[in-house]
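Text of protein-v6.cif (mmCIF, C-alpha atoms) as supplied:
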```cif
data_data
#
loop_
_atom_site.label_atom_id
_atom_site.label_comp_id
_atom_site.auth_asym_id
_atom_site.auth_seq_id
_atom_site.Cartn_x
_atom_site.Cartn_y
_atom_site.Cartn_z
CA MET A 25 -1.50 35.32 17.15
CA LEU A 26 -4.50 34.54 19.35
CA ARG A 27 -6.07 32.52 16.54
CA VAL A 28 -2.91 30.45 16.13
CA LEU A 29 -2.84 29.72 19.87
CA ALA A 30 -6.51 28.72 19.82
CA PHE A 31 -5.90 26.45 16.82
CA LEU A 32 -2.93 24.76 18.49
CA LEU A 33 -4.93 24.19 21.67
CA LEU A 34 -7.80 22.69 19.67
CA ALA A 35 -5.43 20.50 17.62
CA ALA A 36 -3.79 19.20 20.79
CA THR A 37 -7.13 17.97 22.16
CA VAL A 38 -8.27 16.11 19.03
CA PRO A 39 -6.51 12.78 19.85
CA TRP A 40 -8.44 12.58 23.15
CA VAL A 41 -11.68 12.37 21.20
CA TYR A 42 -10.59 9.04 19.69
CA ALA A 43 -9.31 7.54 22.93
CA LYS A 44 -11.27 4.62 24.32
CA GLU A 45 -11.12 2.48 27.38
CA ALA A 46 -8.32 -0.06 27.44
CA ALA A 47 -9.28 -3.66 26.91
CA PRO A 48 -9.30 -5.63 30.13
CA ALA A 49 -6.33 -7.89 30.79
CA ALA A 50 -6.92 -11.46 29.66
CA ALA A 51 -7.86 -14.06 32.20
CA ASP A 52 -5.41 -16.46 30.54
CA PRO A 53 -2.20 -14.73 29.41
CA ALA A 54 -0.97 -17.88 27.61
CA LEU A 55 -4.17 -17.96 25.55
CA GLU A 56 -3.83 -14.27 24.70
CA GLN A 57 -0.23 -14.78 23.62
CA ARG A 58 -1.33 -17.65 21.37
CA VAL A 59 -4.20 -15.53 19.97
CA MET A 60 -1.83 -12.67 19.14
CA ALA A 61 0.72 -15.03 17.56
CA LEU A 62 -1.93 -16.56 15.30
CA SER A 63 -3.50 -13.14 14.63
CA ALA A 64 -0.15 -12.01 13.24
CA GLU A 65 -0.61 -14.62 10.48
CA LEU A 66 -4.04 -13.32 9.40
CA ARG A 67 -4.65 -10.27 7.19
CA CYS A 68 -7.16 -7.62 8.16
CA LEU A 69 -9.76 -7.72 5.41
CA VAL A 70 -10.53 -4.02 5.90
CA CYS A 71 -7.01 -2.58 6.13
CA GLN A 72 -5.38 -5.21 3.87
CA ASN A 73 -1.88 -4.05 4.73
CA GLN A 74 -2.06 -4.99 8.39
CA THR A 75 -2.51 -8.17 10.33
CA ILE A 76 -5.57 -8.53 12.54
CA ALA A 77 -3.18 -8.31 15.51
CA ASP A 78 -2.10 -4.81 14.41
CA SER A 79 -5.42 -3.50 13.13
CA SER A 80 -7.95 -1.60 15.21
CA ALA A 81 -10.77 -2.09 12.69
CA PRO A 82 -13.98 -3.57 14.12
CA LEU A 83 -13.76 -6.54 11.72
CA ALA A 84 -10.22 -7.30 12.92
CA GLU A 85 -11.48 -7.26 16.50
CA ASP A 86 -14.27 -9.68 15.52
CA LEU A 87 -11.75 -11.97 13.83
CA ARG A 88 -9.51 -11.92 16.92
CA ASN A 89 -12.55 -12.83 19.02
CA GLN A 90 -13.33 -15.71 16.65
CA VAL A 91 -9.75 -16.95 16.94
CA ARG A 92 -9.93 -16.65 20.73
CA GLU A 93 -13.22 -18.55 20.86
CA LYS A 94 -11.92 -21.33 18.60
CA MET A 95 -8.85 -21.67 20.83
CA ARG A 96 -11.05 -21.90 23.92
CA GLN A 97 -12.96 -24.71 22.18
CA GLY A 98 -9.66 -26.57 21.78
CA ALA A 99 -8.99 -26.02 18.06
CA SER A 100 -5.37 -26.16 16.91
CA ASP A 101 -3.72 -23.29 15.04
CA ASN A 102 -3.94 -25.21 11.75
CA GLN A 103 -7.65 -25.90 12.28
CA ILE A 104 -8.28 -22.21 12.92
CA LEU A 105 -6.29 -21.19 9.83
CA ASP A 106 -8.23 -23.75 7.75
CA TYR A 107 -11.51 -22.36 9.11
CA MET A 108 -10.51 -18.78 8.22
CA VAL A 109 -9.37 -19.79 4.73
CA ALA A 110 -12.60 -21.72 4.15
CA ARG A 111 -14.61 -18.69 5.22
CA TYR A 112 -12.60 -15.81 3.67
CA GLY A 113 -10.30 -17.41 1.10
CA ASP A 114 -6.50 -17.47 0.84
CA PHE A 115 -6.39 -13.67 0.93
CA VAL A 116 -7.00 -13.76 4.70
CA LEU A 117 -3.56 -15.32 5.16
CA TYR A 118 -0.87 -12.68 5.53
CA ARG A 119 1.48 -15.02 3.65
CA PRO A 120 -0.80 -16.89 1.24
CA PRO A 121 0.42 -20.22 -0.17
CA PHE A 122 1.82 -20.25 -3.69
CA LYS A 123 -0.71 -21.96 -5.93
CA LEU A 124 -2.58 -21.26 -9.14
CA THR A 125 -5.34 -19.23 -7.47
CA THR A 126 -2.88 -17.00 -5.59
CA VAL A 127 -0.34 -16.41 -8.35
CA LEU A 128 -1.68 -12.88 -8.85
CA LEU A 129 -1.14 -12.11 -5.16
CA TRP A 130 2.49 -13.15 -5.51
CA PHE A 131 3.36 -11.67 -8.90
CA GLY A 132 0.80 -8.85 -9.18
CA PRO A 133 3.14 -6.18 -7.81
CA LEU A 134 5.93 -7.26 -10.16
CA LEU A 135 3.54 -7.20 -13.12
CA LEU A 136 2.39 -3.69 -12.20
CA LEU A 137 5.98 -2.53 -11.83
CA GLY A 138 6.90 -4.03 -15.22
CA ALA A 139 3.86 -2.47 -16.89
CA GLY A 140 4.74 0.92 -15.41
CA PHE A 141 8.30 0.59 -16.69
CA VAL A 142 7.06 -0.28 -20.20
CA VAL A 143 4.68 2.71 -20.21
CA LEU A 144 7.45 5.01 -18.99
CA LEU A 145 9.89 3.70 -21.61
CA ARG A 146 7.35 4.14 -24.42
CA ARG A 147 6.62 7.72 -23.34
CA ILE A 148 10.31 8.58 -23.20
CA LEU A 149 10.96 7.08 -26.63
CA ARG A 150 8.02 8.95 -28.16
CA ARG A 151 9.34 12.28 -26.87
CA ARG A 152 12.38 12.23 -29.12
CA PRO A 153 12.39 15.45 -31.06
CA ALA A 154 11.80 14.93 -34.74
CA GLU A 155 14.46 16.35 -36.99
CA VAL A 156 13.28 19.52 -38.61
CA GLU A 157 14.17 20.25 -42.18
CA MET A 158 15.73 23.67 -42.60
CA THR A 159 15.66 25.78 -45.68
CA ALA A 160 18.88 27.08 -47.21
CA SER A 161 18.28 30.59 -45.84
CA GLU A 162 17.70 29.18 -42.34
CA ARG A 163 20.93 27.18 -42.53
CA LYS A 164 22.82 30.30 -43.65
CA ARG A 165 21.32 32.33 -40.78
CA ALA A 166 22.20 29.57 -38.26
CA ALA A 167 25.78 29.40 -39.53
CA GLU A 168 26.13 33.18 -39.22
CA LEU A 169 24.76 33.10 -35.65
CA LEU A 170 27.13 30.31 -34.69
CA ALA A 171 30.06 32.13 -36.26
CA GLY A 172 29.23 35.24 -34.23
CA SER A 173 28.58 37.57 -37.09
CA GLU A 174 25.01 38.66 -37.41
CA PRO A 175 24.24 40.88 -40.42
CA GLY A 176 22.06 43.88 -39.85
CA ARG A 177 22.95 44.14 -36.22
CA ARG A 178 25.47 46.70 -34.91
#
```
Full structure transcribed into structure tokens:
Amino acid sequence: MLRVLAFLLLAATVPWVYAKEAAPAAADPALEQRVMALSAELRCLVCQNQTIADSSAPLAEDLRNQVREKMRQGASDNQILDYMVARYGDFVLYRPPFKLTTVLLWFGPLLLLGAGFVVLLRRILRRRPAEVEMTASERKRAAELLAGSEPGRR
């Protein structure tokens, strides 16, 4: 019981180890709002399933800082997106454009799903039990068992 209590106390303190100081409030709230809006359009290259606005990865923080710096220099959202695409490719866009080089990004999940379905279907069809040939004595024994009369048993 004491061990369980000690474990629970230790487990409760683990999240504090990962806590860090909050980022200071932005000097320009309008700029920060614009940064976060544009960051929601860019994919974290480390996490890949999060935007750089949602990610806490160091690379996502660097990308947010790059976006912030470009905005301070007066770049438009489209110029910043073009810069990121030129540097990291279309994959950096959370919603990449539909073109020949991104067709796999758009249809890759459907292709994987279809391939999985085909593999599953083939495995199910291969599992069909093969019909077994029975000898005459086996057929007679089966008929007797089904009829309820079993010779030699009383």
Next on the checklist: Quick one: residues within 12 Å of A:Val109, only C-alpha atoms, excluding same-chain residues fewer than 4 positions away - as a ChimeraX atom specification?
Outcome noted: /A:65-67,102-105,113-121
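From atom CA of A:Arg92 back to atom CA of A:Tyr107, the distance works out to 13.0 Å.
Atom CA of A:Ala54 to atom CA of A:Ala77 spans 15.6 Å [interatomic distance, one decimal].
Going from atom CA of A:Ala139 over to atom CA of A:Val127, you cover 16.9 Å.
With all atoms listed in the file as the atoms that count, the minimum distance from A:Glu93 to the choices A:Ala61, A:Ala81, A:Leu55, A:Leu124 is reached by A:Leu55.
Minimum atom-to-atom distances from A:Leu128, A:Leu135, A:Leu62, A:Leu144 to A:Met95 were compared using all atoms listed in the file, and the lowest value belongs to A:Leu62.
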Checklist entry - List as a count of residues only: which residues have an atom within 12 Å of (-11.1, -10.1, 13.8), counting only C-alpha atoms? => result 35
Starting from the incomplete input, reconstruct all heavy atoms of stretch 64-75 of chain A and report them as a CSV table (one decimal), in the frame of the given file.
```csv
chain,number,residue,atom,x,y,z
A,64,ALA,N,-1.2,-12.6,14.1
A,64,ALA,CA,-0.2,-12.0,13.2
A,64,ALA,C,0.0,-12.7,11.9
A,64,ALA,O,0.7,-12.2,11.0
A,64,ALA,CB,1.2,-12.1,14.0
A,65,GLU,N,-0.6,-13.9,11.7
A,65,GLU,CA,-0.6,-14.6,10.5
A,65,GLU,C,-1.8,-14.3,9.6
A,65,GLU,O,-1.9,-14.8,8.5
A,65,GLU,CB,-0.5,-16.1,10.8
A,65,GLU,CG,0.7,-16.5,11.5
A,65,GLU,CD,2.0,-16.3,10.7
A,65,GLU,OE1,1.9,-16.6,9.4
A,65,GLU,OE2,3.0,-15.8,11.2
A,66,LEU,N,-2.8,-13.6,10.1
A,66,LEU,CA,-4.0,-13.3,9.4
A,66,LEU,C,-4.1,-11.9,9.0
A,66,LEU,O,-3.9,-11.0,9.8
A,66,LEU,CB,-5.2,-13.7,10.3
A,66,LEU,CG,-5.3,-15.2,10.6
A,66,LEU,CD1,-6.4,-15.4,11.7
A,66,LEU,CD2,-5.6,-16.0,9.4
A,67,ARG,N,-4.5,-11.6,7.8
A,67,ARG,CA,-4.6,-10.3,7.2
A,67,ARG,C,-6.0,-9.6,7.6
A,67,ARG,O,-7.0,-10.3,7.6
A,67,ARG,CB,-4.6,-10.4,5.7
A,67,ARG,CG,-4.6,-9.0,4.9
A,67,ARG,CD,-4.7,-9.2,3.4
A,67,ARG,NE,-3.7,-10.1,2.9
A,67,ARG,CZ,-2.5,-9.9,2.6
A,67,ARG,NH1,-2.0,-8.6,2.8
A,67,ARG,NH2,-1.7,-10.8,2.1
A,68,CYS,N,-5.9,-8.4,7.9
A,68,CYS,CA,-7.2,-7.6,8.2
A,68,CYS,C,-7.8,-7.4,6.8
A,68,CYS,O,-7.2,-6.9,5.9
A,68,CYS,CB,-6.9,-6.3,8.8
A,68,CYS,SG,-8.3,-5.3,9.1
A,69,LEU,N,-9.1,-7.8,6.7
A,69,LEU,CA,-9.8,-7.7,5.4
A,69,LEU,C,-10.2,-6.3,5.1
A,69,LEU,O,-10.5,-6.0,4.0
A,69,LEU,CB,-11.0,-8.7,5.4
A,69,LEU,CG,-10.6,-10.1,5.6
A,69,LEU,CD1,-11.8,-11.0,5.8
A,69,LEU,CD2,-9.8,-10.6,4.4
A,70,VAL,N,-10.2,-5.4,6.1
A,70,VAL,CA,-10.5,-4.0,5.9
A,70,VAL,C,-9.3,-3.2,5.5
A,70,VAL,O,-9.3,-2.5,4.5
A,70,VAL,CB,-11.2,-3.4,7.2
A,70,VAL,CG1,-11.4,-2.0,7.0
A,70,VAL,CG2,-12.5,-4.2,7.5
A,71,CYS,N,-8.2,-3.4,6.3
A,71,CYS,CA,-7.0,-2.6,6.1
A,71,CYS,C,-6.2,-3.2,5.0
A,71,CYS,O,-5.6,-2.4,4.3
A,71,CYS,CB,-6.2,-2.6,7.4
A,71,CYS,SG,-7.1,-2.1,8.9
A,72,GLN,N,-6.1,-4.5,4.9
A,72,GLN,CA,-5.4,-5.2,3.9
A,72,GLN,C,-3.9,-5.1,3.9
A,72,GLN,O,-3.2,-5.9,3.3
A,72,GLN,CB,-5.9,-4.9,2.5
A,72,GLN,CG,-7.3,-5.3,2.3
A,72,GLN,CD,-7.8,-5.0,0.9
A,72,GLN,OE1,-7.0,-4.7,0.0
A,72,GLN,NE2,-9.1,-5.3,0.6
A,73,ASN,N,-3.3,-4.1,4.6
A,73,ASN,CA,-1.9,-4.0,4.7
A,73,ASN,C,-1.4,-4.3,6.2
A,73,ASN,O,-0.3,-4.0,6.5
A,73,ASN,CB,-1.4,-2.7,4.2
A,73,ASN,CG,-1.9,-1.5,5.0
A,73,ASN,OD1,-2.8,-1.7,5.7
A,73,ASN,ND2,-1.2,-0.4,4.8
A,74,GLN,N,-2.4,-4.7,7.0
A,74,GLN,CA,-2.1,-5.0,8.4
A,74,GLN,C,-2.6,-6.4,8.8
A,74,GLN,O,-3.5,-6.9,8.1
A,74,GLN,CB,-2.7,-4.0,9.3
A,74,GLN,CG,-2.2,-2.6,9.3
A,74,GLN,CD,-2.9,-1.7,10.2
A,74,GLN,OE1,-4.1,-1.7,10.3
A,74,GLN,NE2,-2.2,-0.9,11.0
A,75,THR,N,-2.0,-6.9,9.8
A,75,THR,CA,-2.5,-8.2,10.3
A,75,THR,C,-3.7,-7.8,11.3
A,75,THR,O,-3.8,-6.7,11.7
A,75,THR,CB,-1.4,-8.9,11.1
A,75,THR,OG1,-1.1,-8.1,12.3
A,75,THR,CG2,-0.2,-9.2,10.3
```
